[in-house]
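Asker: Sharing protein.pdb below, PDB, C-alpha atoms and all ligand atoms:
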```
ATOM      1  CA  MET A 292      71.732  64.198  51.084
ATOM      2  CA  ASP A 293      74.025  62.629  48.519
ATOM      3  CA  PRO A 294      73.788  65.046  45.575
ATOM      4  CA  THR A 295      74.765  62.431  42.998
ATOM      5  CA  SER A 296      72.082  59.986  43.985
ATOM      6  CA  ALA A 297      69.559  62.803  44.224
ATOM      7  CA  LEU A 298      70.254  63.824  40.658
ATOM      8  CA  ASP A 299      70.056  60.205  39.554
ATOM      9  CA  ARG A 300      66.603  59.973  41.054
ATOM     10  CA  ARG A 301      65.652  63.131  39.169
ATOM     11  CA  ARG A 302      66.819  61.550  35.929
ATOM     12  CA  ALA A 303      64.797  58.436  36.639
ATOM     13  CA  LEU A 304      61.696  60.593  36.870
ATOM     14  CA  SER A 305      62.336  62.535  33.692
ATOM     15  CA  ALA A 306      59.761  60.729  31.603
ATOM     16  CA  LEU A 307      57.092  61.516  34.139
ATOM     17  CA  GLY A 308      58.054  65.151  34.161
ATOM     18  CA  ALA A 309      57.324  65.932  30.530
ATOM     19  CA  ALA A 310      53.974  64.177  30.646
ATOM     20  CA  ALA A 311      52.893  66.071  33.712
ATOM     21  CA  LEU A 312      53.171  69.563  32.246
ATOM     22  CA  CYS A 313      49.852  69.198  30.479
ATOM     23  CA  PRO A 314      47.598  68.383  33.425
ATOM     24  CA  LEU A 315      48.991  71.201  35.514
ATOM     25  CA  VAL A 316      48.914  73.891  32.870
ATOM     26  CA  GLY A 317      45.890  72.998  30.780
ATOM     27  CA  GLY A 318      43.804  70.561  32.795
ATOM     28  CA  PRO A 319      40.527  71.111  34.610
ATOM     29  CA  VAL A 320      40.869  73.552  37.452
ATOM     30  CA  SER A 321      38.346  72.022  39.806
ATOM     31  CA  ALA A 322      39.887  68.562  40.168
ATOM     32  CA  ARG A 323      43.021  67.508  42.004
ATOM     33  CA  PRO A 324      45.739  67.036  39.365
ATOM     34  CA  ALA A 325      46.722  63.551  38.348
ATOM     35  CA  GLU A 326      49.407  62.026  40.514
ATOM     36  CA  PRO A 327      52.127  60.864  40.842
ATOM     37  CA  ALA A 328      53.603  62.716  37.851
ATOM     38  CA  ARG A 329      54.591  66.280  38.706
ATOM     39  CA  PRO A 330      56.770  68.369  36.454
ATOM     40  CA  GLY A 331      58.644  69.812  39.360
ATOM     41  CA  HIS A 332      60.392  66.531  39.834
ATOM     42  CA  SER A 333      61.787  66.287  36.334
ATOM     43  CA  PRO A 334      65.566  66.654  36.093
ATOM     44  CA  SER A 335      65.135  68.295  32.695
ATOM     45  CA  LEU A 336      63.104  71.162  34.106
ATOM     46  CA  GLY A 337      64.811  74.459  33.367
ATOM     47  CA  PRO A 338      64.427  77.851  35.035
ATOM     48  CA  GLY A 339      61.860  79.066  32.503
ATOM     49  CA  GLU A 340      59.619  76.032  32.923
ATOM     50  CA  ALA A 341      59.899  76.237  36.696
ATOM     51  CA  TRP A 342      58.872  79.881  36.600
ATOM     52  CA  ARG A 343      55.925  79.134  34.292
ATOM     53  CA  LEU A 344      54.679  76.545  36.797
ATOM     54  CA  LEU A 345      54.813  79.104  39.588
ATOM     55  CA  ARG A 346      53.103  81.767  37.479
ATOM     56  CA  LYS A 347      50.347  79.330  36.575
ATOM     57  CA  GLY A 348      49.909  78.417  40.230
ATOM     58  CA  ASN A 349      49.696  82.108  41.094
ATOM     59  CA  GLU A 350      47.005  82.552  38.426
ATOM     60  CA  TYR A 351      44.973  79.872  40.184
ATOM     61  CA  TRP A 352      45.448  81.742  43.483
ATOM     62  CA  VAL A 353      44.498  85.112  41.986
ATOM     63  CA  GLY A 354      41.449  83.589  40.296
ATOM     64  CA  ASP A 355      40.277  81.754  43.444
ATOM     65  CA  ARG A 356      40.753  78.420  41.656
ATOM     66  CA  LEU A 357      43.376  76.715  43.849
ATOM     67  CA  ARG A 358      44.137  73.105  42.896
ATOM     68  CA  HIS A 359      46.042  72.107  46.046
ATOM     69  CA  PRO A 360      48.427  69.728  44.239
ATOM     70  CA  ASP A 361      50.797  67.394  46.054
ATOM     71  CA  GLN A 362      48.942  67.484  49.347
ATOM     72  CA  SER A 363      47.643  63.911  49.532
ATOM     73  CA  SER A 364      48.756  61.248  51.993
ATOM     74  CA  ALA A 365      49.896  59.164  49.007
ATOM     75  CA  HIS A 366      52.178  61.978  47.945
ATOM     76  CA  ARG A 367      53.439  62.345  51.494
ATOM     77  CA  HIS A 368      54.430  58.682  51.520
ATOM     78  CA  ARG A 369      56.044  58.973  48.115
ATOM     79  CA  LEU A 370      58.229  61.852  49.268
ATOM     80  CA  ALA A 371      59.303  60.202  52.510
ATOM     81  CA  GLU A 372      62.505  58.883  50.937
ATOM     82  CA  ALA A 373      63.607  61.884  48.891
ATOM     83  CA  GLN A 374      62.660  65.391  47.794
ATOM     84  CA  HIS A 375      63.464  67.314  44.612
ATOM     85  CA  PRO A 376      61.788  70.728  44.784
ATOM     86  CA  PHE A 377      61.841  72.694  41.537
ATOM     87  CA  ALA A 378      62.282  76.163  43.053
ATOM     88  CA  VAL A 379      63.637  78.019  46.063
ATOM     89  CA  VAL A 380      61.372  80.803  47.312
ATOM     90  CA  VAL A 381      63.090  83.461  49.408
ATOM     91  CA  THR A 382      60.515  85.632  51.066
ATOM     92  CA  CYS A 383      59.352  87.586  54.101
ATOM     93  CA  ILE A 384      57.954  86.164  57.337
ATOM     94  CA  ASP A 385      54.641  87.930  56.639
ATOM     95  CA  SER A 386      51.659  85.653  57.317
ATOM     96  CA  ARG A 387      49.856  86.713  54.145
ATOM     97  CA  LEU A 388      52.145  85.283  51.488
ATOM     98  CA  SER A 389      52.800  81.641  52.274
ATOM     99  CA  PRO A 390      54.574  80.401  49.129
ATOM    100  CA  GLU A 391      52.812  77.044  48.843
ATOM    101  CA  ILE A 392      49.489  78.897  48.835
ATOM    102  CA  VAL A 393      50.228  81.904  46.619
ATOM    103  CA  PHE A 394      51.915  79.623  44.043
ATOM    104  CA  ASP A 395      49.424  76.750  44.534
ATOM    105  CA  GLN A 396      52.013  74.082  45.245
ATOM    106  CA  GLY A 397      52.298  71.247  47.745
ATOM    107  CA  ILE A 398      54.851  69.387  49.790
ATOM    108  CA  GLY A 399      58.078  68.575  48.026
ATOM    109  CA  ASP A 400      57.675  71.352  45.441
ATOM    110  CA  LEU A 401      59.484  74.302  47.037
ATOM    111  CA  PHE A 402      62.405  75.032  49.270
ATOM    112  CA  VAL A 403      61.256  78.032  51.330
ATOM    113  CA  VAL A 404      63.581  80.449  53.114
ATOM    114  CA  ARG A 405      61.909  83.220  55.123
ATOM    115  CA  THR A 406      63.307  86.166  57.045
ATOM    116  CA  GLY A 407      61.975  89.668  57.727
ATOM    117  CA  ALA A 408      61.895  91.419  54.299
ATOM    118  CA  HIS A 409      64.007  88.465  53.040
ATOM    119  CA  THR A 410      67.122  89.967  54.594
ATOM    120  CA  LEU A 411      70.264  87.913  54.093
ATOM    121  CA  ASP A 412      73.282  86.918  56.104
ATOM    122  CA  ASP A 413      75.700  84.044  55.633
ATOM    123  CA  LEU A 414      73.495  81.485  57.371
ATOM    124  CA  VAL A 415      70.444  82.457  55.329
ATOM    125  CA  THR A 416      72.432  82.477  52.095
ATOM    126  CA  GLY A 417      73.708  78.993  52.880
ATOM    127  CA  SER A 418      70.145  77.756  53.153
ATOM    128  CA  ILE A 419      69.281  79.391  49.812
ATOM    129  CA  GLU A 420      72.301  77.740  48.194
ATOM    130  CA  TYR A 421      71.317  74.294  49.454
ATOM    131  CA  GLY A 422      68.815  73.436  46.711
ATOM    132  CA  PRO A 423      70.824  74.629  43.687
ATOM    133  CA  LEU A 424      74.113  73.208  44.942
ATOM    134  CA  GLN A 425      72.908  69.921  46.409
ATOM    135  CA  ASP A 426      69.986  69.037  44.156
ATOM    136  CA  GLY A 427      70.278  71.178  41.035
ATOM    137  CA  THR A 428      67.176  73.257  41.835
ATOM    138  CA  PRO A 429      66.773  75.422  38.705
ATOM    139  CA  LEU A 430      65.081  78.558  40.062
ATOM    140  CA  ILE A 431      65.279  81.013  42.959
ATOM    141  CA  VAL A 432      62.389  83.428  43.446
ATOM    142  CA  VAL A 433      62.825  86.459  45.703
ATOM    143  CA  LEU A 434      59.340  87.495  46.753
ATOM    144  CA  GLY A 435      58.841  90.846  48.454
ATOM    145  CA  HIS A 436      55.465  92.324  49.187
ATOM    146  CA  GLN A 437      53.258  95.356  49.614
ATOM    147  CA  ARG A 438      53.112  97.052  53.035
ATOM    148  CA  CYS A 439      55.971  95.003  54.466
ATOM    149  CA  GLY A 440      56.051  95.375  58.245
ATOM    150  CA  ALA A 441      59.774  94.697  58.474
ATOM    151  CA  VAL A 442      60.465  97.433  55.941
ATOM    152  CA  SER A 443      58.104  99.822  57.745
ATOM    153  CA  ALA A 444      59.951  99.131  61.006
ATOM    154  CA  ALA A 445      63.291  99.776  59.325
ATOM    155  CA  VAL A 446      62.134 103.018  57.727
ATOM    156  CA  SER A 447      60.668 104.176  61.032
ATOM    157  CA  ALA A 448      63.802 103.356  63.019
ATOM    158  CA  LEU A 449      66.219 104.857  60.518
ATOM    159  CA  ASP A 450      64.134 107.996  59.965
ATOM    160  CA  GLY A 451      63.719 108.502  63.697
ATOM    161  CA  GLY A 452      67.317 107.718  64.532
ATOM    162  CA  ARG A 453      66.158 105.070  66.997
ATOM    163  CA  ARG A 454      67.548 101.609  67.612
ATOM    164  CA  ALA A 455      64.932  98.905  67.082
ATOM    165  CA  PRO A 456      64.471  96.510  70.016
ATOM    166  CA  GLY A 457      66.358  93.237  70.294
ATOM    167  CA  HIS A 458      67.644  91.553  67.167
ATOM    168  CA  LEU A 459      65.102  93.461  65.092
ATOM    169  CA  ALA A 460      67.923  95.996  65.006
ATOM    170  CA  ASP A 461      69.887  93.537  62.866
ATOM    171  CA  VAL A 462      67.029  93.335  60.378
ATOM    172  CA  VAL A 463      66.884  97.133  60.281
ATOM    173  CA  GLU A 464      70.611  97.330  59.649
ATOM    174  CA  ALA A 465      70.366  94.762  56.850
ATOM    175  CA  LEU A 466      67.695  96.936  55.225
ATOM    176  CA  ARG A 467      69.677 100.172  55.495
ATOM    177  CA  PRO A 468      71.128  99.978  51.929
ATOM    178  CA  ALA A 469      67.659  99.450  50.430
ATOM    179  CA  VAL A 470      66.254 102.377  52.424
ATOM    180  CA  THR A 471      69.133 104.576  51.237
ATOM    181  CA  GLU A 472      68.523 103.548  47.628
ATOM    182  CA  ALA A 473      64.790 104.166  48.008
ATOM    183  CA  ARG A 474      65.328 107.664  49.347
ATOM    184  CA  ARG A 475      67.124 108.526  46.125
ATOM    185  CA  ALA A 476      64.256 107.062  44.074
ATOM    186  CA  GLY A 477      61.610 109.180  45.819
ATOM    187  CA  GLY A 478      57.922 108.389  46.253
ATOM    188  CA  ASP A 479      56.474 106.305  49.069
ATOM    189  CA  LEU A 480      59.544 105.326  51.070
ATOM    190  CA  VAL A 481      58.215 101.996  52.346
ATOM    191  CA  GLU A 482      57.067 100.803  48.921
ATOM    192  CA  ALA A 483      60.240 102.051  47.250
ATOM    193  CA  THR A 484      62.307 100.238  49.878
ATOM    194  CA  VAL A 485      60.379  97.018  49.316
ATOM    195  CA  ARG A 486      61.149  97.213  45.601
ATOM    196  CA  ALA A 487      64.777  98.151  46.191
ATOM    197  CA  GLN A 488      65.170  95.266  48.618
ATOM    198  CA  ILE A 489      63.804  92.819  46.038
ATOM    199  CA  THR A 490      66.165  93.902  43.271
ATOM    200  CA  ARG A 491      69.112  94.171  45.640
ATOM    201  CA  THR A 492      68.507  90.645  46.973
ATOM    202  CA  VAL A 493      68.412  89.253  43.437
ATOM    203  CA  ALA A 494      71.639  91.087  42.642
ATOM    204  CA  VAL A 495      73.349  89.666  45.735
ATOM    205  CA  LEU A 496      72.336  86.124  44.807
ATOM    206  CA  GLU A 497      73.284  86.687  41.175
ATOM    207  CA  HIS A 498      76.839  87.493  42.252
ATOM    208  CA  ASP A 499      77.017  84.911  45.027
ATOM    209  CA  PRO A 500      80.286  83.030  44.418
ATOM    210  CA  ALA A 501      78.611  79.659  44.802
ATOM    211  CA  LEU A 502      75.702  80.477  42.464
ATOM    212  CA  ALA A 503      77.139  82.824  39.813
ATOM    213  CA  SER A 504      78.419  80.144  37.439
ATOM    214  CA  ARG A 505      75.057  78.372  37.486
ATOM    215  CA  VAL A 506      73.284  81.627  36.668
ATOM    216  CA  GLY A 507      75.774  82.406  33.924
ATOM    217  CA  SER A 508      75.367  79.009  32.287
ATOM    218  CA  GLY A 509      71.567  79.066  32.398
ATOM    219  CA  ARG A 510      71.260  76.224  34.896
ATOM    220  CA  LEU A 511      69.843  78.539  37.541
ATOM    221  CA  GLY A 512      67.374  81.355  37.044
ATOM    222  CA  LEU A 513      66.606  84.223  39.399
ATOM    223  CA  VAL A 514      63.348  86.141  39.673
ATOM    224  CA  GLY A 515      62.589  89.139  41.859
ATOM    225  CA  ALA A 516      58.854  89.707  42.214
ATOM    226  CA  TYR A 517      56.613  92.095  44.129
ATOM    227  CA  TYR A 518      53.436  90.639  45.622
ATOM    228  CA  GLU A 519      50.203  92.636  46.017
ATOM    229  CA  LEU A 520      48.454  91.616  49.219
ATOM    230  CA  GLY A 521      44.875  92.330  48.134
ATOM    231  CA  THR A 522      44.894  90.877  44.635
ATOM    232  CA  GLY A 523      47.529  88.185  45.141
ATOM    233  CA  ARG A 524      49.151  89.270  41.883
ATOM    234  CA  LEU A 525      52.880  89.267  41.120
ATOM    235  CA  ASN A 526      54.827  92.069  39.489
ATOM    236  CA  VAL A 527      58.183  90.860  38.171
ATOM    237  CA  LEU A 528      60.902  93.422  38.831
ATOM    238  CA  ARG A 529      64.037  91.560  37.781
ATOM    239  CA  THR A 530      65.049  88.273  36.170
ATOM    240  CA  LYS A 531      68.445  86.764  35.548
ATOM    241  CA  GLY A 532      69.731  83.597  33.910
ATOM    242  CA  PHE A 533      66.726  82.917  31.677
ATOM    243  CA  THR A 534      64.069  84.569  29.529
ATOM    244  CA  PRO A 535      60.702  84.435  31.274
TER
HETATM  245 ZN    ZN A 601      57.278  91.657  54.988
END
```
Using structure tokens, write down the structure from this file.
Ligand SMILES: [Zn+2]
Answerer:
Amino acid sequence: MDPTSALDRRRALSALGAAALCPLVGGPVSARPAEPARPGHSPSLGPGEAWRLLRKGNEYWVGDRLRHPDQSSAHRHRLAEAQHPFAVVVTCIDSRLSPEIVFDQGIGDLFVVRTGAHTLDDLVTGSIEYGPLQDGTPLIVVLGHQRCGAVSAAVSALDGGRRAPGHLADVVEALRPAVTEARRAGGDLVEATVRAQITRTVAVLEHDPALASRVGSGRLGLVGAYYELGTGRLNVLRTKGFTP
């Protein structure tokens, strides 16, 4: 993707962006939102606005009032030439927290990067950097969750002094610092590790050499949030680069 032309396309859609905030935030909840205008595709969208859109979508999910925006064939055709998602969601592989569902978004709205307990390495971090660096994506959300199986496996392996099978051992090793931090915090070790892993992941991205200047200048916001499986609710643990 040519980043310059991508940003130009964002600018061309700016007028649509402002107008589209209203139908998403305050419109009827039973009808499909008006298309084609979607605020996520506005170049003027900042981290705070992007986060408010995700929070509103999560409210729809929690309240069993999903709108299913941006999932029509017309929208699919419209996006065939270019995409400009308004957020990167970095989350676990768990089948119960698909980002487009728990934030009530559609195609073209989110870059999604998923690994066990959102563990990072250079390849994964490169994929996270893609949106902000190539298309000016204004927000990264790190989404950890209750009863994370990857964290449970790591805690079990490290407590038992056993090596996890296959490359799961690499996931366990990547979670070792969070488990160590959680032990110091006390309480339920799995839940404490989940929370430590969320805040640690945000901190790593905050200091990522390719992202730090964007965070510092307010062009890129970071959110670390904990997701409750039963209620679908979010608990924000850490933000950086903007005031939510
Ligand atoms: Zn998980």
Asker: How would you write, as a ChimeraX atom specification, the residues chosen by the PyMOL selection byres (((chain A and resi 497-508) around 10) and not hetatm) on this structure?
Answerer: /A:338,416-417,419-420,423-424,427,429-431,491-496,509-513,530-533
Asker: Pick out the residues no farther than 7 Å from ligand ZN 601 (chain A), counting all atoms listed in the file, and list them as an MDAnalysis selection string.
Answerer: chainID A and resid 383:385 407:408 435:436 439:442
Asker: What does the distance from atom CA of A:Tyr517 to atom CA of A:Asn349 come to in Å, to one decimal?
Answerer: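 That distance, rounded to one decimal, is 12.5 Å.
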Asker: Expand the PyMOL selection byres (((chain A and resi 363-380) around 6) and not hetatm) into the explicit residue set it covers here, and present it as a ChimeraX atom specification.
Answerer: /A:331-332,361-362,381,399-403,428,430-432
Asker: The residues within 9 Å of (66.8, 88.9, 53.3), using only C-alpha atoms and the coordinates of the file, should be reported as a list in words; which are they?
Answerer: Val381, Thr382, Cys383, Arg405, Thr406, Gly407, Ala408, His409, Thr410, Leu411, Asp412, Val415, Thr416, Val433, Val462, Ala465, Leu466, Gln488, Ile489 and Thr492 of chain A
Asker: What lies within 7 Å of A:Glu519 using all atoms listed in the file, ignoring chain neighbours under 4 positions off, as a PDB file with C-alpha atoms, in the frame of the given file?
Answerer:
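Output file result21.pdb follows:
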```
ATOM      1  CA  HIS A 436      55.465  92.324  49.187  1.00  0.00           C
ATOM      2  CA  GLN A 437      53.258  95.356  49.614  1.00  0.00           C
ATOM      3  CA  GLY A 523      47.529  88.185  45.141  1.00  0.00           C
ATOM      4  CA  ARG A 524      49.151  89.270  41.883  1.00  0.00           C
ATOM      5  CA  LEU A 525      52.880  89.267  41.120  1.00  0.00           C
TER       6      LEU A 525
END
```
Asker: Residues picked by the PyMOL selection byres (((chain A and resi 468-478) around 9) and not hetatm) here, as a list of chain:residue names?
Answerer: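 Output from the PyMOL selection byres (((chain A and resi 468-478) around 9) and not hetatm), applied to this file: A:Val442, A:Ala445, A:Val446, A:Leu449, A:Glu464, A:Ala465, A:Leu466, A:Arg467, A:Asp479, A:Leu480, A:Val481, A:Glu482, A:Ala483, A:Thr484, A:Val485, A:Arg486, A:Ala487, A:Gln488, A:Ile489, A:Arg491.
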Asker: Would you compute the distance between atom CA of A:Gly339 and atom CA of A:Leu414? Give it in Å to one decimal.
Answerer: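 Spanning atom CA of A:Gly339 to atom CA of A:Leu414 is a straight-line distance of 27.6 Å.
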Asker: Name the closest residue to A:Ile398 among the candidates A:Gln425, A:Trp352, A:His359, A:Ser443; distances are taken between atoms, counting only C-alpha atoms.
Answerer: A:His359
Asker: Neighbourhood query: residues within 8 Å of (45.2, 82.8, 43.5), file coordinates, counting only C-alpha atoms; return as a VMD selection string.
Answerer: chain A and resid 348 to 357 392 to 395 523 to 524
Asker: Record the distance separating atom CA of A:Gly397 and atom CA of A:Asp413, expressed in Å with one decimal.
Answerer: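 According to the coordinates, atom CA of A:Gly397 and atom CA of A:Asp413 are separated by 27.8 Å.
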